[in-house]
$ cat coords.pdb   # PDB, C-alpha atoms
ATOM      1  CA  MET A   1     -52.050  13.732  58.080
ATOM      2  CA  GLN A   2     -50.393  14.541  54.729
ATOM      3  CA  LEU A   3     -51.403  18.190  54.994
ATOM      4  CA  LYS A   4     -49.903  18.428  58.484
ATOM      5  CA  LYS A   5     -46.623  16.959  57.201
ATOM      6  CA  LEU A   6     -46.634  19.422  54.321
ATOM      7  CA  CYS A   7     -47.204  22.421  56.617
ATOM      8  CA  ARG A   8     -44.511  21.283  59.073
ATOM      9  CA  SER A   9     -42.024  20.758  56.249
ATOM     10  CA  HIS A  10     -42.745  24.202  54.787
ATOM     11  CA  LEU A  11     -42.287  25.672  58.252
ATOM     12  CA  THR A  12     -38.855  24.038  58.491
ATOM     13  CA  GLU A  13     -37.893  25.507  55.108
ATOM     14  CA  ILE A  14     -39.076  28.951  56.284
ATOM     15  CA  GLN A  15     -36.921  28.610  59.402
ATOM     16  CA  TRP A  16     -33.889  27.697  57.263
ATOM     17  CA  ARG A  17     -34.548  30.719  55.069
ATOM     18  CA  SER A  18     -35.027  33.076  58.046
ATOM     19  CA  LYS A  19     -31.753  31.916  59.589
ATOM     20  CA  GLY A  20     -29.946  31.970  56.242
ATOM     21  CA  ASN A  21     -29.175  28.254  56.579
ATOM     22  CA  ALA A  22     -28.538  25.867  53.731
ATOM     23  CA  PRO A  23     -28.972  22.323  55.070
ATOM     24  CA  THR A  24     -27.042  19.344  53.768
ATOM     25  CA  LEU A  25     -28.499  17.865  50.615
ATOM     26  CA  GLU A  26     -29.736  14.808  52.541
ATOM     27  CA  GLU A  27     -31.496  17.008  55.129
ATOM     28  CA  TYR A  28     -32.994  19.025  52.294
ATOM     29  CA  LYS A  29     -34.189  15.922  50.431
ATOM     30  CA  ALA A  30     -35.896  14.599  53.584
ATOM     31  CA  PHE A  31     -38.135  17.688  53.643
ATOM     32  CA  ALA A  32     -38.297  18.062  49.857
ATOM     33  CA  TYR A  33     -39.921  14.619  49.732
ATOM     34  CA  ILE A  34     -42.935  16.230  51.407
ATOM     35  CA  THR A  35     -42.741  19.804  50.022
ATOM     36  CA  SER A  36     -42.613  18.493  46.464
ATOM     37  CA  CYS A  37     -46.314  17.744  47.122
ATOM     38  CA  CYS A  38     -45.968  14.375  45.390
ATOM     39  CA  PRO A  39     -47.333  12.398  48.367
ATOM     40  CA  ILE A  40     -50.305  14.718  48.923
ATOM     41  CA  LEU A  41     -51.117  14.994  45.200
ATOM     42  CA  CYS A  42     -50.949  11.225  44.749
ATOM     43  CA  THR A  43     -53.121  10.745  47.828
ATOM     44  CA  SER A  44     -55.632  13.232  46.410
ATOM     45  CA  ALA A  45     -55.601  11.430  43.053
ATOM     46  CA  PHE A  46     -56.731   8.221  44.770
ATOM     47  CA  VAL A  47     -59.791   9.826  46.350
ATOM     48  CA  GLY A  48     -62.005   9.646  43.263
ATOM     49  CA  MET A  49     -60.927   6.191  42.120
ATOM     50  CA  GLY A  50     -63.777   4.225  43.667
ATOM     51  CA  ALA A  51     -63.930   1.963  46.694
ATOM     52  CA  GLU A  52     -62.488  -1.072  44.895
ATOM     53  CA  ILE A  53     -59.206   0.766  44.174
ATOM     54  CA  ALA A  54     -59.062   3.536  46.777
ATOM     55  CA  THR A  55     -58.827   1.123  49.684
ATOM     56  CA  ARG A  56     -57.184   1.640  53.032
ATOM     57  CA  GLU A  57     -54.217  -0.373  51.698
ATOM     58  CA  ALA A  58     -53.929   1.973  48.692
ATOM     59  CA  PHE A  59     -53.717   5.021  50.936
ATOM     60  CA  GLU A  60     -51.257   3.282  53.249
ATOM     61  CA  TRP A  61     -49.162   2.400  50.192
ATOM     62  CA  VAL A  62     -48.981   6.002  48.934
ATOM     63  CA  ILE A  63     -48.202   7.597  52.329
ATOM     64  CA  ASN A  64     -45.611   4.998  53.332
ATOM     65  CA  GLU A  65     -42.366   6.987  53.453
ATOM     66  CA  SER A  66     -40.369   3.944  52.345
ATOM     67  CA  ASN A  67     -42.463   3.763  49.147
ATOM     68  CA  LYS A  68     -39.726   3.849  46.535
ATOM     69  CA  MET A  69     -41.980   4.992  43.714
ATOM     70  CA  VAL A  70     -43.540   7.977  45.488
ATOM     71  CA  ARG A  71     -40.129   8.924  46.863
ATOM     72  CA  ALA A  72     -38.697   8.800  43.324
ATOM     73  CA  GLY A  73     -41.556  10.958  42.016
ATOM     74  CA  SER A  74     -40.836  13.466  44.778
ATOM     75  CA  ILE A  75     -37.143  13.555  43.899
ATOM     76  CA  ILE A  76     -37.918  14.121  40.219
ATOM     77  CA  PHE A  77     -40.292  16.957  41.055
ATOM     78  CA  ARG A  78     -38.152  18.752  43.597
ATOM     79  CA  LEU A  79     -34.747  18.371  41.942
ATOM     80  CA  GLN A  80     -35.944  19.213  38.439
ATOM     81  CA  ASN A  81     -37.786  22.244  39.837
ATOM     82  CA  ASP A  82     -34.653  23.338  41.709
ATOM     83  CA  ILE A  83     -32.398  22.930  38.673
ATOM     84  CA  VAL A  84     -34.511  25.176  36.442
ATOM     85  CA  SER A  85     -35.637  27.734  39.033
ATOM     86  CA  HIS A  86     -32.807  28.177  41.555
ATOM     87  CA  LYS A  87     -31.409  31.348  39.947
ATOM     88  CA  PHE A  88     -34.822  33.024  39.832
ATOM     89  CA  GLU A  89     -35.669  31.969  43.384
ATOM     90  CA  ARG A  90     -32.331  33.196  44.702
ATOM     91  CA  ASN A  91     -33.359  36.732  43.654
ATOM     92  CA  ARG A  92     -36.481  36.646  45.809
ATOM     93  CA  LYS A  93     -36.019  35.700  49.442
ATOM     94  CA  HIS A  94     -36.464  31.942  49.161
ATOM     95  CA  ALA A  95     -35.207  28.862  50.989
ATOM     96  CA  ALA A  96     -32.026  27.263  49.656
ATOM     97  CA  SER A  97     -32.570  24.929  46.712
ATOM     98  CA  ALA A  98     -30.944  21.544  46.207
ATOM     99  CA  VAL A  99     -28.416  23.288  43.950
ATOM    100  CA  GLU A 100     -27.365  25.690  46.711
ATOM    101  CA  CYS A 101     -27.320  22.898  49.321
ATOM    102  CA  TYR A 102     -25.009  20.790  47.140
ATOM    103  CA  VAL A 103     -22.741  23.752  46.270
ATOM    104  CA  LYS A 104     -22.356  24.715  49.932
ATOM    105  CA  GLU A 105     -21.899  21.171  51.224
ATOM    106  CA  HIS A 106     -19.386  20.052  48.568
ATOM    107  CA  MET A 107     -17.738  23.405  47.741
ATOM    108  CA  ALA A 108     -18.738  22.699  44.142
ATOM    109  CA  SER A 109     -19.702  24.875  41.206
ATOM    110  CA  GLU A 110     -23.332  25.290  40.168
ATOM    111  CA  ASP A 111     -22.609  23.252  37.032
ATOM    112  CA  GLU A 112     -21.239  20.375  39.124
ATOM    113  CA  ALA A 113     -24.280  20.549  41.390
ATOM    114  CA  VAL A 114     -26.676  20.487  38.439
ATOM    115  CA  GLU A 115     -24.834  17.527  36.901
ATOM    116  CA  PHE A 116     -25.045  15.625  40.194
ATOM    117  CA  LEU A 117     -28.757  16.421  40.567
ATOM    118  CA  TRP A 118     -29.508  15.182  37.025
ATOM    119  CA  THR A 119     -27.784  11.934  38.034
ATOM    120  CA  GLU A 120     -30.089  11.730  41.054
ATOM    121  CA  ILE A 121     -33.110  12.327  38.802
ATOM    122  CA  SER A 122     -31.916   9.543  36.492
ATOM    123  CA  LYS A 123     -31.686   7.176  39.481
ATOM    124  CA  ALA A 124     -35.206   8.173  40.512
ATOM    125  CA  TRP A 125     -36.523   7.284  37.033
ATOM    126  CA  LYS A 126     -34.849   3.884  37.378
ATOM    127  CA  ASP A 127     -36.629   3.393  40.718
ATOM    128  CA  ILE A 128     -39.954   4.201  39.059
ATOM    129  CA  ALA A 129     -39.202   1.797  36.200
ATOM    130  CA  GLU A 130     -38.331  -0.916  38.715
ATOM    131  CA  ALA A 131     -41.597  -0.372  40.600
ATOM    132  CA  CYS A 132     -43.520  -0.666  37.316
ATOM    133  CA  GLN A 133     -41.917  -4.067  36.629
ATOM    134  CA  LYS A 134     -44.031  -5.808  39.288
ATOM    135  CA  PRO A 135     -47.610  -4.955  38.348
ATOM    136  CA  THR A 136     -50.764  -6.235  39.973
ATOM    137  CA  PRO A 137     -54.232  -4.985  38.908
ATOM    138  CA  LEU A 138     -54.550  -2.808  42.020
ATOM    139  CA  LEU A 139     -50.970  -1.641  41.901
ATOM    140  CA  VAL A 140     -51.170  -0.657  38.218
ATOM    141  CA  ALA A 141     -54.014   1.766  38.938
ATOM    142  CA  LEU A 142     -51.975   3.305  41.742
ATOM    143  CA  THR A 143     -48.559   3.339  40.095
ATOM    144  CA  ASP A 144     -50.036   4.903  36.955
ATOM    145  CA  ARG A 145     -50.982   7.963  39.015
ATOM    146  CA  VAL A 146     -47.457   8.336  40.370
ATOM    147  CA  LEU A 147     -45.873   7.640  36.968
ATOM    148  CA  ASN A 148     -48.088  10.181  35.201
ATOM    149  CA  PHE A 149     -47.378  12.749  37.896
ATOM    150  CA  ALA A 150     -43.621  12.292  37.371
ATOM    151  CA  ARG A 151     -44.057  12.491  33.596
ATOM    152  CA  SER A 152     -46.016  15.725  33.920
ATOM    153  CA  ILE A 153     -43.360  17.243  36.142
ATOM    154  CA  SER A 154     -40.680  16.360  33.612
ATOM    155  CA  VAL A 155     -42.574  18.327  30.966
ATOM    156  CA  ILE A 156     -43.407  21.260  33.252
ATOM    157  CA  TYR A 157     -39.771  21.639  34.339
ATOM    158  CA  GLU A 158     -38.157  20.451  31.107
ATOM    159  CA  LYS A 159     -35.855  23.430  30.451
ATOM    160  CA  GLU A 160     -37.464  26.234  32.425
ATOM    161  CA  ASP A 161     -39.985  26.673  35.208
ATOM    162  CA  GLY A 162     -43.243  26.042  33.364
ATOM    163  CA  TYR A 163     -45.208  26.141  36.612
ATOM    164  CA  THR A 164     -44.238  29.734  37.381
ATOM    165  CA  ASN A 165     -44.154  30.708  33.686
ATOM    166  CA  SER A 166     -47.173  28.823  32.406
ATOM    167  CA  TYR A 167     -46.964  30.408  28.944
ATOM    168  CA  LEU A 168     -44.063  27.985  28.359
ATOM    169  CA  LEU A 169     -46.579  25.120  28.354
ATOM    170  CA  LYS A 170     -48.873  26.623  25.708
ATOM    171  CA  ALA A 171     -47.552  24.440  22.852
ATOM    172  CA  HIS A 172     -47.891  21.281  24.966
ATOM    173  CA  LEU A 173     -51.438  22.110  26.014
ATOM    174  CA  SER A 174     -52.435  23.102  22.481
ATOM    175  CA  SER A 175     -51.177  19.775  21.161
ATOM    176  CA  LEU A 176     -53.352  17.974  23.710
ATOM    177  CA  PHE A 177     -56.569  19.966  23.520
ATOM    178  CA  VAL A 178     -56.597  22.228  20.458
ATOM    179  CA  ASP A 179     -54.545  20.689  17.648
ATOM    180  CA  LEU A 180     -56.051  17.235  17.833
ATOM    181  CA  ILE A 181     -54.843  14.484  15.534
ATOM    182  CA  PRO A 182     -57.686  13.468  13.203
ATOM    183  CA  LEU A 183     -58.587   9.784  13.347
TER     184      LEU A 183
END

$ encode --input "coords.pdb" --output "structure tokens"
Amino acid sequence: MQLKKLCRSHLTEIQWRSKGNAPTLEEYKAFAYITSCCPILCTSAFVGMGAEIATREAFEWVINESNKMVRAGSIIFRLQNDIVSHKFERNRKHAASAVECYVKEHMASEDEAVEFLWTEISKAWKDIAEACQKPTPLLVALTDRVLNFARSISVIYEKEDGYTNSYLLKAHLSSLFVDLIPL
């Protein structure tokens, strides 16, 4: 089901690109929720967690589109990606980013769009923090996956597109796996 949603959402973005359309930011965010891959990655992360945690309720929780935490993780991923990569992606035939959608819809500058999107990212982090305030043993195991996904995205897209330009992550990865802190 999640894979079908992802494919349909990518198809919609391809149609926008082919027609040269930039949707409103709200239309864009509705599809970006899926194309960020946050829901499908979180769903995949639950698969190996064991039957006591990866229950039917756990999967229903993560795919529920009104799930504030997964939605917030998706917003962080997509908007932070768009902020750091929109100029590069504009040069290769790519669907409009959140930056371009905001600029077109509000007749704003790129700087104004980026400032607005950082505000949206900040709100998304507050939603994640709020969701983490009400832990239950089952929920902690699930919310940790979403929280760690959002944290990873913040590092990958910190200042530049570390996903596309993976050499930018070398220092982070070295600090985790090579330059260990002696105990």

$ closest_atom_pairs --input "coords.pdb" --of "stretch 55-165 of chain A" --to "stretch 10-25 of chain A" --cutoff "9 Å" --atoms "only C-alpha atoms" --output "CSV"
residue,atom,partner,partner_atom,distance
A:Lys93,CA,A:Arg17,CA,7.7
A:His94,CA,A:Arg17,CA,6.3
A:Ala95,CA,A:Arg17,CA,4.5
A:Ala96,CA,A:Ala22,CA,5.5
A:Ser97,CA,A:Ala22,CA,8.1
A:Ala98,CA,A:Leu25,CA,6.2
A:Val99,CA,A:Leu25,CA,8.6
A:Glu100,CA,A:Ala22,CA,7.1
A:Cys101,CA,A:Leu25,CA,5.3
A:Tyr102,CA,A:Leu25,CA,5.7
A:Lys104,CA,A:Ala22,CA,7.3
A:Glu105,CA,A:Thr24,CA,6.0

$ resolve_selection --input "coords.pdb" --expression "the PyMOL selection byres ((chain A and resi 111-124) around 9)" --output "list in words"
Lys68, Met69, Arg71, Ala72, Gly73, Ser74, Ile75, Ile76, Phe77, Leu79, Gln80, Ile83, Ala98, Val99, Glu100, Cys101, Tyr102, Val103, His106, Ala108, Ser109, Glu110, Trp125, Lys126, Asp127, Ile128 and Ala129 of chain A

$ atom_distance --input "coords.pdb" --atom1 "atom CA of A:Val47" --atom2 "atom CA of A:Trp61"
13.5 Å

$ atom_distance --input "coords.pdb" --atom1 "atom CA of A:Leu6" --atom2 "atom CA of A:Ile34"
5.7 Å

$ atom_distance --input "coords.pdb" --atom1 "atom CA of A:Ser174" --atom2 "atom CA of A:Pro39"
28.5 Å

$ closest_residue --input "coords.pdb" --among "A:Asn81, A:Gln133, A:Arg56, A:Leu168" --to "A:Ser154" --atoms "all atoms listed in the file"
A:Asn81

$ residues_around --input "coords.pdb" --residues "A:Ile63" --least-positions-apart "3" --cutoff "8 Å" --atoms "all atoms listed in the file" --output "list of chain:residue names"
A:Gln2, A:Pro39, A:Thr43, A:Phe59, A:Glu60, A:Asn67

$ residues_near_point --input "coords.pdb" --point "(-39.9, 21.5, 35.7)" --cutoff "12 Å" --atoms "all atoms listed in the file" --output "ChimeraX atom specification"
/A:36,75-86,121,149-166,168-169

$ closest_residue --input "coords.pdb" --among "A:Leu3, A:Val62, A:Met107, A:Leu142" --to "A:Met49" --atoms "all atoms listed in the file"
A:Leu142
